[in-house]
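Worksheet for the structure shown next.
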Amino acid sequence: MPKFVFLTKTKNFVSDKYKTFEGKLYYVTITVVGWMDVFTRKEYVYDLFKNLKYCQENKGLEIYAYVVMSNHLHLIARAKDGRLNILLGNLKVLHQKN
C-alpha cells in the first residue's frame, strides 16, 4: 500500500498553515509519496473510499466535494469538531494499515 502525504492548505491563516478551525471548510490535497499513479488501480480507490466512509461515519468527517486523480486526491471538507488536521492524520494511519 502506498504512503500518503496530507497537506491542508488555507489562505486565511498563513502562520497557521496546518491548523484547522471549527466550522471552516478546507481545500485539502492528499498526495502519494513519489507521485506514483496508484489510483489507476480500482482496489486502491475502493480502499480509499472505504477509509473515507469510515471517517465520515465514526470520526466526524464531512466531505462536500472530491476529485480522485491518478496520483492524488482533492477534497473540500471539514471536521465536525474542527480538528480536520488530526482527522486527516488518523485517515493516513488507517489507510496505511489496510
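We name chains A, B, ... following the order of the C-alpha cells; residues begin at 1 in each chain, and ligands are numbered from 1 as shown.
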Shell around Cys55 of chain A at 9 Å using only C-alpha atoms, local window under 3 positions removed, as a list in words: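 The residues satisfying every condition are Lys50, Asn51, Leu52, Asn58, Lys59, Gly60, Leu61, Glu62, Leu87, Leu88, Asn90 and Leu91 of chain A.
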I need the chosen residues saved as a tab-separated table (two decimals), in the first residue's frame, with C-alpha atoms.
```tsv
chain	number	residue	atom	x	y	z
A	50	LYS	CA	-13.82	2.66	2.44
A	51	ASN	CA	-11.50	4.59	4.75
A	52	LEU	CA	-13.11	7.94	3.90
A	58	ASN	CA	-17.06	7.41	13.01
A	59	LYS	CA	-14.74	10.43	13.11
A	60	GLY	CA	-16.95	13.34	12.04
A	61	LEU	CA	-15.50	13.95	8.57
A	62	GLU	CA	-17.79	15.97	6.32
A	87	LEU	CA	-8.68	13.61	11.48
A	88	LEU	CA	-6.61	13.51	8.28
A	90	ASN	CA	-5.91	9.44	11.56
A	91	LEU	CA	-7.02	8.72	7.98
```
Strand (DSSP E) call set, DSSP backbone run, segment 19-82 of chain A, as a ChimeraX atom specification: /A:26-32,61-68,72-79
Could those selected residues go to a file with N, CA and C atoms, as a CSV table (one decimal), in the first residue's frame?
```csv
chain,number,residue,atom,x,y,z
A,26,TYR,N,-12.3,23.4,4.2
A,26,TYR,CA,-10.9,23.5,3.8
A,26,TYR,C,-10.7,22.7,2.4
A,27,TYR,N,-9.9,23.2,1.6
A,27,TYR,CA,-9.5,22.6,0.4
A,27,TYR,C,-8.2,21.8,0.8
A,28,VAL,N,-8.3,20.5,0.6
A,28,VAL,CA,-7.2,19.6,1.0
A,28,VAL,C,-6.7,18.8,-0.2
A,29,THR,N,-5.4,18.7,-0.3
A,29,THR,CA,-4.7,17.9,-1.3
A,29,THR,C,-4.0,16.8,-0.6
A,30,ILE,N,-4.3,15.5,-1.0
A,30,ILE,CA,-3.6,14.4,-0.5
A,30,ILE,C,-2.8,13.8,-1.6
A,31,THR,N,-1.5,13.7,-1.4
A,31,THR,CA,-0.7,13.2,-2.5
A,31,THR,C,0.0,11.9,-2.1
A,32,VAL,N,0.3,11.1,-3.1
A,32,VAL,CA,1.0,9.9,-2.9
A,32,VAL,C,2.5,10.2,-2.9
A,61,LEU,N,-15.9,13.3,9.8
A,61,LEU,CA,-15.5,13.9,8.6
A,61,LEU,C,-16.7,14.3,7.7
A,62,GLU,N,-16.7,15.5,7.2
A,62,GLU,CA,-17.8,16.0,6.3
A,62,GLU,C,-17.1,16.3,5.0
A,63,ILE,N,-17.5,15.6,3.9
A,63,ILE,CA,-16.9,15.8,2.6
A,63,ILE,C,-18.0,16.5,1.7
A,64,TYR,N,-17.6,17.6,1.2
A,64,TYR,CA,-18.5,18.4,0.3
A,64,TYR,C,-18.3,18.2,-1.1
A,65,ALA,N,-17.0,17.9,-1.5
A,65,ALA,CA,-16.7,17.6,-2.9
A,65,ALA,C,-15.3,16.9,-2.9
A,66,TYR,N,-15.1,16.1,-3.9
A,66,TYR,CA,-13.8,15.4,-4.0
A,66,TYR,C,-13.5,15.1,-5.5
A,67,VAL,N,-12.3,14.9,-5.8
A,67,VAL,CA,-11.8,14.5,-7.1
A,67,VAL,C,-10.6,13.6,-6.8
A,68,VAL,N,-10.7,12.4,-7.4
A,68,VAL,CA,-9.6,11.4,-7.3
A,68,VAL,C,-8.9,11.4,-8.6
A,72,HIS,N,-3.2,11.6,-6.8
A,72,HIS,CA,-3.5,12.5,-5.7
A,72,HIS,C,-5.1,12.6,-5.6
A,73,LEU,N,-5.5,13.3,-4.5
A,73,LEU,CA,-6.9,13.4,-4.2
A,73,LEU,C,-7.1,14.9,-3.7
A,74,HIS,N,-8.2,15.5,-4.2
A,74,HIS,CA,-8.6,16.8,-3.7
A,74,HIS,C,-9.9,16.6,-2.9
A,75,LEU,N,-10.0,17.3,-1.8
A,75,LEU,CA,-11.3,17.3,-1.0
A,75,LEU,C,-11.6,18.7,-0.6
A,76,ILE,N,-12.9,19.0,-0.6
A,76,ILE,CA,-13.4,20.2,0.2
A,76,ILE,C,-14.1,19.5,1.3
A,77,ALA,N,-13.6,19.8,2.5
A,77,ALA,CA,-14.1,19.0,3.7
A,77,ALA,C,-13.9,19.8,5.0
A,78,ARG,N,-14.5,19.3,6.0
A,78,ARG,CA,-14.3,19.8,7.4
A,78,ARG,C,-14.6,18.7,8.4
A,79,ALA,N,-14.2,18.9,9.6
A,79,ALA,CA,-14.4,18.0,10.7
A,79,ALA,C,-15.5,18.6,11.6
```
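Atom pair atom CA of Lys24 of chain A / atom CA of Ile86 of chain A: separated by 14.6 Å.
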Using only C-alpha atoms: which of A:Ser70, A:Gln56, A:Lys92, A:Glu22 has the shortest distance to Met36 of chain A: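 Answer, going by the shortest atom-to-atom distance: A:Ser70.
Ranking A:Leu94, A:Val33, A:Leu25, A:Leu84 by their shortest atom-to-atom distance to Leu48 of chain A, with only C-alpha atoms included, puts A:Leu94 first.
Note that the spacing between atom CA of Arg83 of chain A and atom CA of Thr20 of chain A amounts to 5.8 Å.
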Interatomic distance (Å, one decimal) between atom CA of Val45 of chain A and atom CA of Val93 of chain A: 16.3 Å
